[in-house]
Amino acid sequence: MPNLTDCRDDFPILQRVLSNGQKLAFLDNAASTQRPSSVIQAISECYESYYSNVHRGIHTLSEESTERYERSRKSVATFINAKTDHEIIYTAGATAAVNTVAGSWGRQTIKQGDTILLTIAEHHANIVPWQQLSAETGCKLQFIPLDSDYRITTEAVSTALQKYQPKLFAFTAASNVLGTVSPVTDWTALAHQQGSTVLVDAAQAAPHQAMDVQAWDADFVVFSGHKVCGPTGIGVLYGRETLLESMPPFLGGGGMINRVTTEGFTAAELPEKFEAGTPPIAEAIGLEAAVKYIRSIGLEEIEQHEQTLARHAEAGLRQIEGVRVVSPENGEKSGIVSFDLSHAHAHDVAHSLSGRGIAVRAGHHCTMPLHHALEITATTRASFYFYNTREEADRLVEAIADIQEKFKPTGRRRRRRRAEGDRP
Ligand SMILES: Cc1ncc(COP(=O)(O)O)c(C=O)c1O
């Protein structure tokens, strides 16, 4: 396992001792990662030295801000290997990016009776915009189910694509709950064989694996800045240039036009066409610093480190009686481990862990349809990143063993539950 522990010094927040005296173990990275000093400094420097609105002013600060904003776009294009930086649209996040595709491409392309194919493992960000489009257009949504080993198999993908002939196949590159990783290139190729357009939700992939949108051959790819050590309020919509060219603008306003008269407007070229209003300027500059930092660590090293930690924690959790890990036991997986305790609700688990300085997430993780399919209302999710340590993974496992024991029904509690009609 590569030694990445030195990186911890780059993250001021990771040095924090909590008010209860506990050392912070931050295992909530799937929700949002932390920022290294270089990102914080890039944002401060922007506001302290050269901040101004972009693309508009003919003065030094505006020119400098514009130059840095566009440099960020180039860095992000390189980060995901886009063919041109015109294919990078800055949005408010992954959610806003999916909504942009639904509101622009979707409204233009999708008609009544068309099908949009999703998997049951999607985040609400990749479900609700399509449900909204369905309410508007009368298109149908179909969901590919999990197999008995918590996987969406390529066989199931292929069968569904042939059966439904969807206009769009939108799927997550890495599940934010199950820890599973999708074979994006294979699924994209299968979808294209059926003539489907492909959107890849890379919110949980971008922080952890080297992305190559050209190798994926996806039509749209979305991810968020705050999950790659960058700022909140910025995300990326990658779109194939020819597709983006053919799509109408989504939001209207300043910045996205060529000309406006009282009769109408003409849209600007890419990428401005999709960036109405003042864009996230300091956020873009922070995002550039974030992708630079991540590349300096190395995505292969990141992936290897967090997978090792997550598998170590998962193995420990599986040893504890009454703990159900909602993930396949084998195969390629990410740094996410979600689980359910027979004796304690996920919220109680997260609360107890918090008392020990361990930050995890509890609930449905914006995947209600997935939790419904799993027949669990809530899970506890530990999500590792490159700055986490083996000691933190061990702390988690020890704490879960202890919590499971503490919440074990006593004879009296068991009798009371039976009297109330609960199964023991
Ligand atoms: C798989 C997945 N997709 C989309 C999103 C939405 O990201 P954001 O809230 O940054 O827009 C998330 C956030 O947790 C996610 O995990």
# chains A, B, ... in the order shown; residues from 1 in each chain; ligands from 1
call {"tool": "residues_around", "arguments": {"residues": "range 372-380 of chain A", "least_positions_apart": "5", "cutoff": "7 Å", "atoms": "only C-alpha atoms", "output": "PDB file with C-alpha atoms, in the first residue's frame"}}
result
ATOM      1  CA  SER A 338     -22.192   0.617   3.746  1.00  0.00           C
ATOM      2  CA  PHE A 339     -23.691  -1.619   6.385  1.00  0.00           C
ATOM      3  CA  ASP A 340     -26.664  -2.336   8.598  1.00  0.00           C
ATOM      4  CA  ALA A 346     -28.127   3.751  11.329  1.00  0.00           C
ATOM      5  CA  ALA A 350     -23.648   7.412  13.352  1.00  0.00           C
ATOM      6  CA  ARG A 361     -23.094   9.143   7.062  1.00  0.00           C
ATOM      7  CA  ALA A 362     -26.379   7.472   7.980  1.00  0.00           C
ATOM      8  CA  GLY A 363     -29.641   7.350   6.076  1.00  0.00           C
ATOM      9  CA  HIS A 364     -30.646   6.544   2.513  1.00  0.00           C
TER      10      HIS A 364
END
call {"tool": "residues_near_ligand", "arguments": {"ligand": "ligand 1", "cutoff": "6 Å", "atoms": "only C-alpha atoms and all ligand atoms", "output": "VMD selection string"}}
result
chain A and resid 31 93 to 95 123 125 172 175 to 176 201 203 to 204 224
call {"tool": "closest_residue", "arguments": {"among": "A:Gln209, A:Ser352, A:Ser72, A:Gln112", "to": "Ile294 in chain A", "atoms": "only C-alpha atoms"}}
result
A:Gln209
call {"tool": "select_by_dssp", "arguments": {"residues": "range 159-306 of chain A", "states": "strand (DSSP E or B)", "output": "ChimeraX atom specification"}}
result
/A:168-172,174,180-181,197-201,220-224,235-239,257-260,265-267
call {"tool": "write_last_selection", "arguments": {"atoms": "N, CA and C atoms", "output": "mmCIF file, in the first residue's frame"}}
result
data_model
loop_
_atom_site.group_PDB
_atom_site.id
_atom_site.type_symbol
_atom_site.label_atom_id
_atom_site.label_comp_id
_atom_site.auth_asym_id
_atom_site.auth_seq_id
_atom_site.Cartn_x
_atom_site.Cartn_y
_atom_site.Cartn_z
ATOM 1 N N LEU A 168 -31.960 7.109 -23.904
ATOM 2 C CA LEU A 168 -30.837 7.466 -23.035
ATOM 3 C C LEU A 168 -30.600 6.350 -22.031
ATOM 4 N N PHE A 169 -29.328 6.038 -21.829
ATOM 5 C CA PHE A 169 -28.941 5.158 -20.719
ATOM 6 C C PHE A 169 -28.078 6.008 -19.799
ATOM 7 N N ALA A 170 -28.571 6.261 -18.579
ATOM 8 C CA ALA A 170 -27.841 7.102 -17.620
ATOM 9 C C ALA A 170 -27.502 6.257 -16.410
ATOM 10 N N PHE A 171 -26.220 6.143 -16.100
ATOM 11 C CA PHE A 171 -25.830 5.257 -14.993
ATOM 12 C C PHE A 171 -24.636 5.821 -14.242
ATOM 13 N N THR A 172 -24.496 5.350 -13.008
ATOM 14 C CA THR A 172 -23.394 5.808 -12.185
ATOM 15 C C THR A 172 -22.134 4.984 -12.452
ATOM 16 N N ALA A 174 -19.749 4.727 -10.329
ATOM 17 C CA ALA A 174 -19.414 4.078 -9.047
ATOM 18 C C ALA A 174 -20.540 4.396 -8.079
ATOM 19 N N THR A 180 -19.721 -0.498 -5.541
ATOM 20 C CA THR A 180 -19.454 -1.181 -6.810
ATOM 21 C C THR A 180 -19.006 -0.168 -7.872
ATOM 22 N N VAL A 181 -18.237 -0.667 -8.827
ATOM 23 C CA VAL A 181 -17.685 0.186 -9.886
ATOM 24 C C VAL A 181 -18.192 -0.361 -11.227
ATOM 25 N N THR A 197 -28.100 7.264 -26.344
ATOM 26 C CA THR A 197 -27.153 8.259 -25.846
ATOM 27 C C THR A 197 -26.805 7.854 -24.411
ATOM 28 N N VAL A 198 -25.579 8.190 -23.971
ATOM 29 C CA VAL A 198 -25.125 7.735 -22.649
ATOM 30 C C VAL A 198 -24.716 8.908 -21.773
ATOM 31 N N LEU A 199 -25.262 8.915 -20.563
ATOM 32 C CA LEU A 199 -24.806 9.870 -19.542
ATOM 33 C C LEU A 199 -24.184 9.073 -18.401
ATOM 34 N N VAL A 200 -22.962 9.448 -18.032
ATOM 35 C CA VAL A 200 -22.283 8.772 -16.922
ATOM 36 C C VAL A 200 -22.218 9.723 -15.731
ATOM 37 N N ASP A 201 -22.775 9.268 -14.615
ATOM 38 C CA ASP A 201 -22.675 10.023 -13.364
ATOM 39 C C ASP A 201 -21.349 9.622 -12.709
ATOM 40 N N PHE A 220 -22.240 12.206 -22.288
ATOM 41 C CA PHE A 220 -22.230 13.187 -21.204
ATOM 42 C C PHE A 220 -21.604 12.544 -19.975
ATOM 43 N N VAL A 221 -20.823 13.342 -19.247
ATOM 44 C CA VAL A 221 -20.249 12.881 -17.972
ATOM 45 C C VAL A 221 -20.399 14.035 -16.982
ATOM 46 N N VAL A 222 -20.825 13.721 -15.766
ATOM 47 C CA VAL A 222 -20.999 14.792 -14.769
ATOM 48 C C VAL A 222 -20.233 14.443 -13.488
ATOM 49 N N PHE A 223 -19.720 15.469 -12.834
ATOM 50 C CA PHE A 223 -19.171 15.283 -11.479
ATOM 51 C C PHE A 223 -19.113 16.622 -10.751
ATOM 52 N N SER A 224 -18.822 16.548 -9.432
ATOM 53 C CA SER A 224 -18.838 17.738 -8.576
ATOM 54 C C SER A 224 -17.447 18.086 -8.078
ATOM 55 N N GLY A 235 -19.386 22.318 -10.461
ATOM 56 C CA GLY A 235 -19.385 20.953 -10.972
ATOM 57 C C GLY A 235 -19.103 21.002 -12.452
ATOM 58 N N VAL A 236 -18.973 19.823 -13.026
ATOM 59 C CA VAL A 236 -18.577 19.745 -14.431
ATOM 60 C C VAL A 236 -19.618 18.960 -15.220
ATOM 61 N N LEU A 237 -20.009 19.545 -16.331
ATOM 62 C CA LEU A 237 -20.747 18.786 -17.339
ATOM 63 C C LEU A 237 -19.814 18.650 -18.527
ATOM 64 N N TYR A 238 -19.381 17.417 -18.786
ATOM 65 C CA TYR A 238 -18.658 17.148 -20.030
ATOM 66 C C TYR A 238 -19.695 16.714 -21.045
ATOM 67 N N GLY A 239 -19.613 17.237 -22.249
ATOM 68 C CA GLY A 239 -20.497 16.774 -23.316
ATOM 69 C C GLY A 239 -19.703 16.650 -24.599
ATOM 70 N N ILE A 257 -25.226 34.702 -24.462
ATOM 71 C CA ILE A 257 -25.801 35.193 -25.717
ATOM 72 C C ILE A 257 -24.742 35.821 -26.616
ATOM 73 N N ASN A 258 -25.082 35.882 -27.888
ATOM 74 C CA ASN A 258 -24.290 36.638 -28.850
ATOM 75 C C ASN A 258 -24.897 38.015 -29.009
ATOM 76 N N ARG A 259 -26.241 38.009 -29.134
ATOM 77 C CA ARG A 259 -26.965 39.242 -29.423
ATOM 78 C C ARG A 259 -28.378 39.117 -28.867
ATOM 79 N N VAL A 260 -28.863 40.206 -28.297
ATOM 80 C CA VAL A 260 -30.247 40.216 -27.803
ATOM 81 C C VAL A 260 -30.957 41.429 -28.385
ATOM 82 N N PHE A 265 -33.036 36.390 -29.104
ATOM 83 C CA PHE A 265 -31.585 36.359 -28.850
ATOM 84 C C PHE A 265 -30.935 35.302 -29.729
ATOM 85 N N THR A 266 -29.643 35.418 -29.907
ATOM 86 C CA THR A 266 -28.876 34.310 -30.475
ATOM 87 C C THR A 266 -27.888 33.867 -29.412
ATOM 88 N N ALA A 267 -27.676 32.550 -29.357
ATOM 89 C CA ALA A 267 -26.854 31.999 -28.278
ATOM 90 C C ALA A 267 -25.373 32.140 -28.591
#
call {"tool": "residues_around", "arguments": {"residues": "Asn20 in chain A", "least_positions_apart": "5", "cutoff": "12 Å", "atoms": "only C-alpha atoms", "output": "PyMOL selection string"}}
result
chain A and resi 354-358
call {"tool": "write_last_selection", "arguments": {"atoms": "C-alpha atoms", "output": "PDB file, in the first residue's frame"}}
result
ATOM      1  CA  SER A 354     -19.584  10.732  16.291  1.00  0.00           C
ATOM      2  CA  GLY A 355     -19.106  10.563  20.054  1.00  0.00           C
ATOM      3  CA  ARG A 356     -15.897   8.662  19.311  1.00  0.00           C
ATOM      4  CA  GLY A 357     -14.715  11.231  16.771  1.00  0.00           C
ATOM      5  CA  ILE A 358     -15.638   9.112  13.748  1.00  0.00           C
TER       6      ILE A 358
END
call {"tool": "closest_atom_pairs", "arguments": {"of": "range 118-191 of chain A", "to": "range 306-326 of chain A", "cutoff": "8 Å", "atoms": "only C-alpha atoms", "output": "JSON lines"}}
result
{"residue": "A:Tyr150", "atom": "CA", "partner": "A:Val326", "partner_atom": "CA", "distance": 7.0}
{"residue": "A:Val177", "atom": "CA", "partner": "A:Val326", "partner_atom": "CA", "distance": 7.9}
{"residue": "A:Leu178", "atom": "CA", "partner": "A:Val326", "partner_atom": "CA", "distance": 6.0}
call {"tool": "select_by_dssp", "arguments": {"residues": "range 138-317 of chain A", "states": "helix (DSSP H, G or I)", "output": "PyMOL selection string"}}
result
chain A and resi 154-164+184-193+213-216+225-227+241-246+272-274+281-297+299-317
